[in-house]
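As structure tokens, the structure follows; a few thoughts come after it.
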Amino acid sequence: QNRIEQVSALDDPMLSYTFAPETRNLNGQDFGQKIQLSQKLPWFGKLDLRGDNARFKAKASQENIGLMRLQLIEASASAFADWYLIHEAIRINLVNQDLWREFRAIAELKYSTGRASKQNALRAEVEQTLLEHQAIVLQRKKSNILVQLNTLLNRAPDEIIAPPADLPEPQSLPTVARLRQMALQMHPEIKALLALKQASDTQVKLAERNYYPDFNVNAGYNSLWNQDEKRFTVGVGINIPIGQSKRDARLSEKRARFLQMKWEITEKRIAIAAAVQRTYNRVDESRHVLKLYKIKLIPLAEENLHAAKADYQSGKGGFLDLVSAEKNLILTTPCYVGKTCC
């Protein structure tokens with residue numbers, strides 16, 4: 001914004017002084033000297049266009065701040081989602097460890113009574129050990145996410161952050177058409193490009209003004225003239241824009257830049273609309289998957305595990321059925337999701 005005043009202000013006036021050394025000690029003759037003050041005046045409208053150009057560029061820079069803010073929001077939301085997910089994964093890992101301890105105890109009891117082989121107890125111990133290893137991996141991932149969150153907060157990487165609160169229930173989404181409209185109207189990148197397009201338009205108009213001359217007004221005092229009436233002078237000068245080819249080339253360049261900005265805006269709008277559509281599809285799919293897991297898959301997996309556990313204790317079912325039921329439950333919990341995306 002400080003550039004606006006710089007480019008829209010007049011150049012500094014020029015003060016020049018000239019004297020004739022040979023007249024300094026001549027008797028009966030004035031000391032010959034000349035003083036002149038001049039000021040360059042651009043053609044009408046040039047300063048305003050320069051100021052508008054800087055103003056539009058400042059607006060584009062302001063929108064870049066908005067874009068950075070969006071990127072920080074996205075990074076923070078993503079890091080918090082990982083923070084929530086890793087805590088859920090650790091919690092479920094502990095639950096699964098407790099289950100395998102219980103399975104191991106059941107298998108050892110059945111082995112001691114001769115109703116099962118030792119292999120069942122060993123398999124339960126192996127599965128429990130694997131979960132203990134997974135717990136170590138999850139703790140390492142938790143530490144990495146903590147570093148990411150503290151980095152976003154400009155804090156030391158090992159600063160303590162409280163466990164996350166429960167997430168709110170998903171809300172209904174606006175229509176994808178409405179989301180696209182909002183993105184195209186409010187996205188900082190679009191606003192920044194529109195401002196740069198306006199700045200490019202002022203560059204075209206400035207290139208058109210370059211076909212006209214600039215002025216230079218001056219006033220001075222010249223004691224070299226013998227008559228007093230001739231010593232004070234005022235004048236005006238102009239540059240002669242005779243190099244039309246270079247001005248034509250500059251104007252053609254600025255018009256090409258303006259067309260480039262128009263197509264960049266078109267391309268960015270298409271890209272943002274496509275990104276909104278892809279994200280909407282992912283979110284819509286996730287909502288259906290979440291509903292399916294909560295209503296059907298997790299309750300079925302838990303019921304299957306309880307049935308397999310009861311059958312194994314009563315001798316109706318085998319240990320492999322119990323292992324399979326436990327594996328199915330793990331695949332339907334955030335612990336499994338955590339193994340793929342944490």
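Scheme for the structure tokens: letters A, B, ... for chains in order shown; per-chain residue numbers from 1; ligand numbers from 1 in order shown.
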TODO: Using DSSP on the backbone, list every residue of stretch 103-254 of chain A that comes out as alpha helix (DSSP H), and give them as a PyMOL selection string.
DONE: chain A and resi 103-112+118-152+176-186+188-209+244-254
Open item on the list: I'd like the contact shell of A:Phe19 - 10 Å cut-off, only C-alpha atoms, skipping same-chain residues fewer than 6 positions apart - returned as a PyMOL selection string.
Closed with: chain A and resi 31-35+222-224
Open item on the list: Can you tell me which residues surround stretch 242-251 of chain A at a distance of at most 7 Å, considering only C-alpha atoms, apart from same-chain residues fewer than 5 positions away, and format the answer as a PyMOL selection string?
Closed with: chain A and resi 204+207-208+210-211
Deliver the residues from the most recent selection as a file, using N, CA, C and O atoms, as an mmCIF file, in the first residue's frame.
data_model
loop_
_atom_site.group_PDB
_atom_site.id
_atom_site.type_symbol
_atom_site.label_atom_id
_atom_site.label_comp_id
_atom_site.auth_asym_id
_atom_site.auth_seq_id
_atom_site.Cartn_x
_atom_site.Cartn_y
_atom_site.Cartn_z
ATOM 1 N N VAL A 204 -2.144 -1.464 -19.603
ATOM 2 C CA VAL A 204 -2.512 -1.235 -21.004
ATOM 3 C C VAL A 204 -2.803 0.249 -21.228
ATOM 4 O O VAL A 204 -2.340 0.861 -22.210
ATOM 5 N N ALA A 207 0.341 2.227 -21.254
ATOM 6 C CA ALA A 207 1.058 2.059 -22.526
ATOM 7 C C ALA A 207 0.424 2.916 -23.621
ATOM 8 O O ALA A 207 1.130 3.446 -24.485
ATOM 9 N N GLU A 208 -0.891 3.075 -23.575
ATOM 10 C CA GLU A 208 -1.552 3.944 -24.544
ATOM 11 C C GLU A 208 -1.205 5.406 -24.297
ATOM 12 O O GLU A 208 -1.054 6.196 -25.241
ATOM 13 N N ASN A 210 1.601 6.475 -23.290
ATOM 14 C CA ASN A 210 3.001 6.718 -23.647
ATOM 15 C C ASN A 210 3.167 7.300 -25.054
ATOM 16 O O ASN A 210 4.262 7.730 -25.416
ATOM 17 N N TYR A 211 2.096 7.283 -25.838
ATOM 18 C CA TYR A 211 2.168 7.923 -27.152
ATOM 19 C C TYR A 211 2.132 9.451 -27.031
ATOM 20 O O TYR A 211 2.395 10.154 -27.990
#
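With distances taken over only C-alpha atoms, A:Ala54 is the one residue among A:Ala307, A:Leu152, A:Ala116, A:Ala54 lying closest to A:Val7.
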Open item on the list: Nearest residue to A:Asn218 out of A:Lys268, A:Lys40, A:Lys291, A:Arg255, using only C-alpha atoms?
Closed with: A:Lys40
Task: Shell around A:Glu102 at 12 Å using only C-alpha atoms, local window under 2 positions removed, as a PyMOL selection string - done: chain A and resi 95-100+104-109+121+124-125+127-128+309+313+322
Can you list every residue of stretch 34-109 of chain A that has an atom at most 12 Å from stretch 157-162 of chain A, with its nearest atom pair and the distance in Å to one decimal, using only C-alpha atoms, ordered by chain then number, as JSON lines?
{"residue": "A:Phe80", "atom": "CA", "partner": "A:Ile161", "partner_atom": "CA", "distance": 10.9}
{"residue": "A:Trp83", "atom": "CA", "partner": "A:Ile161", "partner_atom": "CA", "distance": 9.8}
{"residue": "A:Tyr84", "atom": "CA", "partner": "A:Ala162", "partner_atom": "CA", "distance": 10.8}
{"residue": "A:His87", "atom": "CA", "partner": "A:Ala162", "partner_atom": "CA", "distance": 10.9}
Task: Residues within 12 Å of A:Asn144, only C-alpha atoms, excluding chain neighbours under 5 positions, as a count of residues only - done: 13
Open item on the list: I'd like to know which of A:Arg101, A:Glu22, A:Lys254, A:Arg140 is closest to A:Val126, using only C-alpha atoms.
Closed with: A:Arg101
Task: DSSP-assigned strand (DSSP E) among stretch 35-113 of chain A, expressed as a PyMOL selection string - done: chain A and resi 35-41
- [ ] One decimal, Å: what's the distance from atom CA of A:Pro188 over to atom CA of A:Ile65, could you say?
- [x]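 Atom-to-atom, atom CA of A:Pro188 to atom CA of A:Ile65, that is 8.3 Å.
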TODO: Name the closest residue to A:Lys327 among the candidates A:Gln185, A:Asn304, A:Ser8, A:Ser78; distances are taken between atoms, counting only C-alpha atoms.
DONE: A:Asn304
